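Okay, structure first, notes after.
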Amino acid sequence: MKKLEDYVRTIPDYPEPGIMFRDITSILQDADGLQLAIDTMQKQIGTADDVDVIAGLESRGFIFGMPLAYNLHKPFVLIRKAGKLPCETISQSYDLEYGQATIEMHKDAVKPGQRVVIVDDLIATGGTVEAAIRLIERLGGQVSRCVFLMELAGLNGRDRLKGYHVESAIRYEGK
């Protein structure tokens, strides 16, 4: 039986020399790999009793978050780049390596006291998910855990999320 890591394609020197790019499209293109990814992430979430809402980060968090929400029979909340949502939103800016970015969610997406699981494909530096946590907490939600398909441990994203339950299906020690 293949492990989840066996479905990940590694592309050396992309996008620049010295980087080992971990491509998740090879997981998505294989029915067994996709099923294993969703099943693994769902086990990391736990029972449906521990969560009220699944929130996915644009855009690959949508790919993995939607089937998890469906399987657990929970609502799914979009966290998107600024200017992409049609109703009244709240926003949170965060620093990138060379600049800033902003994410948003609808003001009515999370109710006070709701337990939210944040889902994304990757945790690297942790900046995007940290901003998502701030949005959810500003609405009164409680982030019960953050679940990622893949973690690049060498970028120390977990350090930014101290105090939060963080799970990753695959962990690479490098960058």
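Identifiers in this document derive from the order of the structure tokens: chains are assigned A, B, ..., residues are numbered from 1 separately in each chain, and ligands are numbered from 1 in order of occurrence.
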With only C-alpha atoms as the counted atoms, please give the residues lying no more than 12 Å from A:Gly140, apart from itself and same-chain residues fewer than 5 positions off, as a PyMOL selection string.
chain A and resi 107-116+133-135
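Residues surrounding A:Gly157 within 6 Å are Ala124, Thr125, Gly126, Leu155, Asp159 and Arg160 of chain A [only C-alpha atoms; sequence separation below 2 positions excluded].
Each of A:Asp95, A:Asp32, A:Asp120, A:Glu137 was compared to A:Ala169 using only C-alpha atoms, and A:Asp120 turns out to be the nearest.
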Every residue of stretch 2-174 of chain A that DSSP places in helix (DSSP H, G or I), as a PyMOL selection string
chain A and resi 4-7+25-28+31-45+48-50+60-72+127-138+153-155+157-161
Once DSSP has gone over the backbone, tell me which residues of stretch 140-172 of chain A are in strand (DSSP E or B), as a PDB file with N, CA and C atoms, in the first residue's frame.
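Done, and the output landed in part-v5.pdb:
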ATOM      1  N   GLN A 142     -13.894  30.050  17.564  1.00  0.00           N
ATOM      2  CA  GLN A 142     -12.773  29.413  18.254  1.00  0.00           C
ATOM      3  C   GLN A 142     -12.108  28.459  17.270  1.00  0.00           C
ATOM      4  N   VAL A 143     -10.828  28.658  17.001  1.00  0.00           N
ATOM      5  CA  VAL A 143     -10.100  27.764  16.092  1.00  0.00           C
ATOM      6  C   VAL A 143      -9.723  26.518  16.881  1.00  0.00           C
ATOM      7  N   SER A 144     -10.370  25.409  16.547  1.00  0.00           N
ATOM      8  CA  SER A 144     -10.127  24.176  17.286  1.00  0.00           C
ATOM      9  C   SER A 144      -8.906  23.432  16.768  1.00  0.00           C
ATOM     10  N   ARG A 145      -8.606  23.616  15.489  1.00  0.00           N
ATOM     11  CA  ARG A 145      -7.392  23.029  14.926  1.00  0.00           C
ATOM     12  C   ARG A 145      -7.164  23.556  13.524  1.00  0.00           C
ATOM     13  N   CYS A 146      -5.917  23.393  13.074  1.00  0.00           N
ATOM     14  CA  CYS A 146      -5.520  23.745  11.711  1.00  0.00           C
ATOM     15  C   CYS A 146      -4.970  22.465  11.087  1.00  0.00           C
ATOM     16  N   VAL A 147      -5.512  22.090   9.950  1.00  0.00           N
ATOM     17  CA  VAL A 147      -5.146  20.830   9.302  1.00  0.00           C
ATOM     18  C   VAL A 147      -4.607  21.129   7.911  1.00  0.00           C
ATOM     19  N   PHE A 148      -3.418  20.605   7.642  1.00  0.00           N
ATOM     20  CA  PHE A 148      -2.736  20.832   6.371  1.00  0.00           C
ATOM     21  C   PHE A 148      -2.404  19.502   5.716  1.00  0.00           C
ATOM     22  N   LEU A 149      -2.433  19.492   4.405  1.00  0.00           N
ATOM     23  CA  LEU A 149      -1.967  18.312   3.687  1.00  0.00           C
ATOM     24  C   LEU A 149      -0.463  18.158   3.883  1.00  0.00           C
ATOM     25  N   MET A 150       0.280  19.269   3.778  1.00  0.00           N
ATOM     26  CA  MET A 150       1.734  19.213   3.770  1.00  0.00           C
ATOM     27  C   MET A 150       2.318  20.317   4.650  1.00  0.00           C
ATOM     28  N   GLU A 151       3.451  20.010   5.270  1.00  0.00           N
ATOM     29  CA  GLU A 151       4.163  20.979   6.086  1.00  0.00           C
ATOM     30  C   GLU A 151       5.620  21.039   5.665  1.00  0.00           C
ATOM     31  N   LEU A 152       6.111  22.239   5.433  1.00  0.00           N
ATOM     32  CA  LEU A 152       7.534  22.467   5.191  1.00  0.00           C
ATOM     33  C   LEU A 152       8.119  22.944   6.513  1.00  0.00           C
ATOM     34  N   VAL A 166      -2.156  21.972  15.609  1.00  0.00           N
ATOM     35  CA  VAL A 166      -1.744  21.941  14.200  1.00  0.00           C
ATOM     36  C   VAL A 166      -1.456  20.503  13.796  1.00  0.00           C
ATOM     37  N   GLU A 167      -2.039  20.082  12.680  1.00  0.00           N
ATOM     38  CA  GLU A 167      -1.822  18.746  12.123  1.00  0.00           C
ATOM     39  C   GLU A 167      -1.401  18.871  10.671  1.00  0.00           C
ATOM     40  N   SER A 168      -0.487  18.017  10.255  1.00  0.00           N
ATOM     41  CA  SER A 168      -0.140  17.939   8.831  1.00  0.00           C
ATOM     42  C   SER A 168      -0.046  16.467   8.447  1.00  0.00           C
ATOM     43  N   ALA A 169      -0.617  16.143   7.287  1.00  0.00           N
ATOM     44  CA  ALA A 169      -0.616  14.761   6.815  1.00  0.00           C
ATOM     45  C   ALA A 169       0.778  14.323   6.364  1.00  0.00           C
ATOM     46  N   ILE A 170       1.522  15.249   5.789  1.00  0.00           N
ATOM     47  CA  ILE A 170       2.887  14.987   5.316  1.00  0.00           C
ATOM     48  C   ILE A 170       3.776  16.075   5.891  1.00  0.00           C
ATOM     49  N   ARG A 171       4.952  15.689   6.357  1.00  0.00           N
ATOM     50  CA  ARG A 171       5.888  16.672   6.932  1.00  0.00           C
ATOM     51  C   ARG A 171       7.232  16.493   6.265  1.00  0.00           C
ATOM     52  N   TYR A 172       7.726  17.571   5.653  1.00  0.00           N
ATOM     53  CA  TYR A 172       9.065  17.605   5.074  1.00  0.00           C
ATOM     54  C   TYR A 172       9.927  18.479   5.978  1.00  0.00           C
TER      55      TYR A 172
END
So that I can check the surroundings of A:Ile38, please list as a ChimeraX atom specification every protein, DNA and RNA residue that reaches within 8 Å of it, counting only C-alpha atoms and ignoring chain neighbours fewer than 3 positions away.
/A:34-35,41-42,64,67-68
Selection file, N, CA and C atoms, as a compact mmCIF listing (two decimals), in the first residue's frame:
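Generated file (again28.txt):
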# COMPACT_ATOMS: atom_id res chain seq x y z
N LEU A 34 -5.86 10.96 -3.89
CA LEU A 34 -6.82 11.95 -3.42
C LEU A 34 -7.64 11.38 -2.26
N GLN A 35 -8.09 10.16 -2.41
CA GLN A 35 -8.87 9.54 -1.33
C GLN A 35 -8.04 9.40 -0.06
N MET A 41 -6.58 13.52 6.33
CA MET A 41 -6.92 14.82 6.92
C MET A 41 -8.17 14.72 7.79
N GLN A 42 -9.12 13.90 7.37
CA GLN A 42 -10.34 13.75 8.16
C GLN A 42 -10.03 13.08 9.50
N PHE A 64 -9.39 20.73 -0.52
CA PHE A 64 -9.36 19.74 0.55
C PHE A 64 -10.44 19.98 1.60
N PRO A 67 -14.52 18.55 0.60
CA PRO A 67 -14.91 17.16 0.86
C PRO A 67 -14.92 16.84 2.36
N LEU A 68 -14.06 17.49 3.13
CA LEU A 68 -14.07 17.27 4.57
C LEU A 68 -15.37 17.80 5.19
Figure out the distance between atom CA of A:Glu58 and atom CA of A:Ile27, please, to one decimal in Å.
18.1 Å
Can you pull out the residues contacting stretch 10-14 of chain A? Cut-off 12 Å, using only C-alpha atoms, and skip same-chain residues under 5 positions away; I want them as an MDAnalysis selection string.
chainID A and resid 5 19:27 172 175
Those selected residues, please, written with N, CA and C atoms and delivered as a PDB file, in the first residue's frame.
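Output file out07.pdb is given in full below:
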ATOM      1  N   GLU A   5       2.959  10.267   0.939  1.00  0.00           N
ATOM      2  CA  GLU A   5       4.170  10.888   0.392  1.00  0.00           C
ATOM      3  C   GLU A   5       4.534  10.331  -0.988  1.00  0.00           C
ATOM      4  N   ILE A  19      15.661  24.855  -4.449  1.00  0.00           N
ATOM      5  CA  ILE A  19      14.328  24.586  -3.902  1.00  0.00           C
ATOM      6  C   ILE A  19      13.848  23.232  -4.414  1.00  0.00           C
ATOM      7  N   MET A  20      13.303  22.430  -3.491  1.00  0.00           N
ATOM      8  CA  MET A  20      12.665  21.165  -3.849  1.00  0.00           C
ATOM      9  C   MET A  20      11.154  21.407  -3.773  1.00  0.00           C
ATOM     10  N   PHE A  21      10.527  21.633  -4.929  1.00  0.00           N
ATOM     11  CA  PHE A  21       9.105  21.963  -4.970  1.00  0.00           C
ATOM     12  C   PHE A  21       8.290  20.691  -4.813  1.00  0.00           C
ATOM     13  N   ARG A  22       7.394  20.676  -3.844  1.00  0.00           N
ATOM     14  CA  ARG A  22       6.514  19.527  -3.584  1.00  0.00           C
ATOM     15  C   ARG A  22       5.176  19.796  -4.253  1.00  0.00           C
ATOM     16  N   ASP A  23       4.924  19.083  -5.331  1.00  0.00           N
ATOM     17  CA  ASP A  23       3.756  19.304  -6.180  1.00  0.00           C
ATOM     18  C   ASP A  23       2.601  18.416  -5.751  1.00  0.00           C
ATOM     19  N   ILE A  24       1.499  19.026  -5.305  1.00  0.00           N
ATOM     20  CA  ILE A  24       0.342  18.243  -4.871  1.00  0.00           C
ATOM     21  C   ILE A  24      -0.592  17.862  -6.022  1.00  0.00           C
ATOM     22  N   THR A  25      -0.377  18.412  -7.206  1.00  0.00           N
ATOM     23  CA  THR A  25      -1.277  18.055  -8.311  1.00  0.00           C
ATOM     24  C   THR A  25      -1.192  16.568  -8.626  1.00  0.00           C
ATOM     25  N   SER A  26      -0.064  15.948  -8.326  1.00  0.00           N
ATOM     26  CA  SER A  26       0.060  14.506  -8.556  1.00  0.00           C
ATOM     27  C   SER A  26      -0.833  13.714  -7.593  1.00  0.00           C
ATOM     28  N   ILE A  27      -1.138  14.268  -6.430  1.00  0.00           N
ATOM     29  CA  ILE A  27      -2.104  13.638  -5.519  1.00  0.00           C
ATOM     30  C   ILE A  27      -3.501  13.771  -6.098  1.00  0.00           C
ATOM     31  N   TYR A 172       7.726  17.571   5.653  1.00  0.00           N
ATOM     32  CA  TYR A 172       9.065  17.605   5.074  1.00  0.00           C
ATOM     33  C   TYR A 172       9.927  18.479   5.978  1.00  0.00           C
ATOM     34  N   LYS A 175      12.812  23.093   3.361  1.00  0.00           N
ATOM     35  CA  LYS A 175      12.020  24.257   2.953  1.00  0.00           C
ATOM     36  C   LYS A 175      11.289  23.999   1.661  1.00  0.00           C
TER      37      LYS A 175
END
Who sits within 7 Å of stretch 43-49 of chain A, only C-alpha atoms, same chain under 3 positions skipped, as a ChimeraX atom specification
/A:39-40,72,167
Limited to N, CA and C atoms, could you put the picked residues into a file as a PDB file, in the first residue's frame?
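The resulting file, selection-v9.pdb, is shown below:
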ATOM      1  N   ASP A  39      -8.959  11.177   3.477  1.00  0.00           N
ATOM      2  CA  ASP A  39      -9.148  10.293   4.636  1.00  0.00           C
ATOM      3  C   ASP A  39      -8.157  10.618   5.750  1.00  0.00           C
ATOM      4  N   THR A  40      -6.911  10.885   5.394  1.00  0.00           N
ATOM      5  CA  THR A  40      -5.885  11.206   6.392  1.00  0.00           C
ATOM      6  C   THR A  40      -6.209  12.515   7.095  1.00  0.00           C
ATOM      7  N   LEU A  72     -18.223  15.397   6.950  1.00  0.00           N
ATOM      8  CA  LEU A  72     -18.591  15.638   8.343  1.00  0.00           C
ATOM      9  C   LEU A  72     -19.959  16.308   8.492  1.00  0.00           C
ATOM     10  N   GLU A 167      -2.039  20.082  12.680  1.00  0.00           N
ATOM     11  CA  GLU A 167      -1.822  18.746  12.123  1.00  0.00           C
ATOM     12  C   GLU A 167      -1.401  18.871  10.671  1.00  0.00           C
TER      13      GLU A 167
END
Select, from A:Leu57, A:Val117, A:Leu122, A:Ile63, the residue with the minimum atom-to-atom distance to A:Met105, counting only C-alpha atoms.
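Of all the options, A:Leu57 lies closest to A:Met105.
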Figure out the distance between atom CA of A:Ile123 and atom CA of A:Ala101, please, to one decimal in Å.
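Between atom CA of A:Ala101 and atom CA of A:Ile123 the gap works out to 16.1 Å.
Atom CA of A:Pro75 to atom CA of A:Asp52 spans 7.5 Å [interatomic distance, one decimal].
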Counting only C-alpha atoms, the residue of A:Val77, A:Ile118, A:Leu139, A:Val129 that sits nearest A:Ile90
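Counting only C-alpha atoms, the residue closest to A:Ile90 is A:Leu139.
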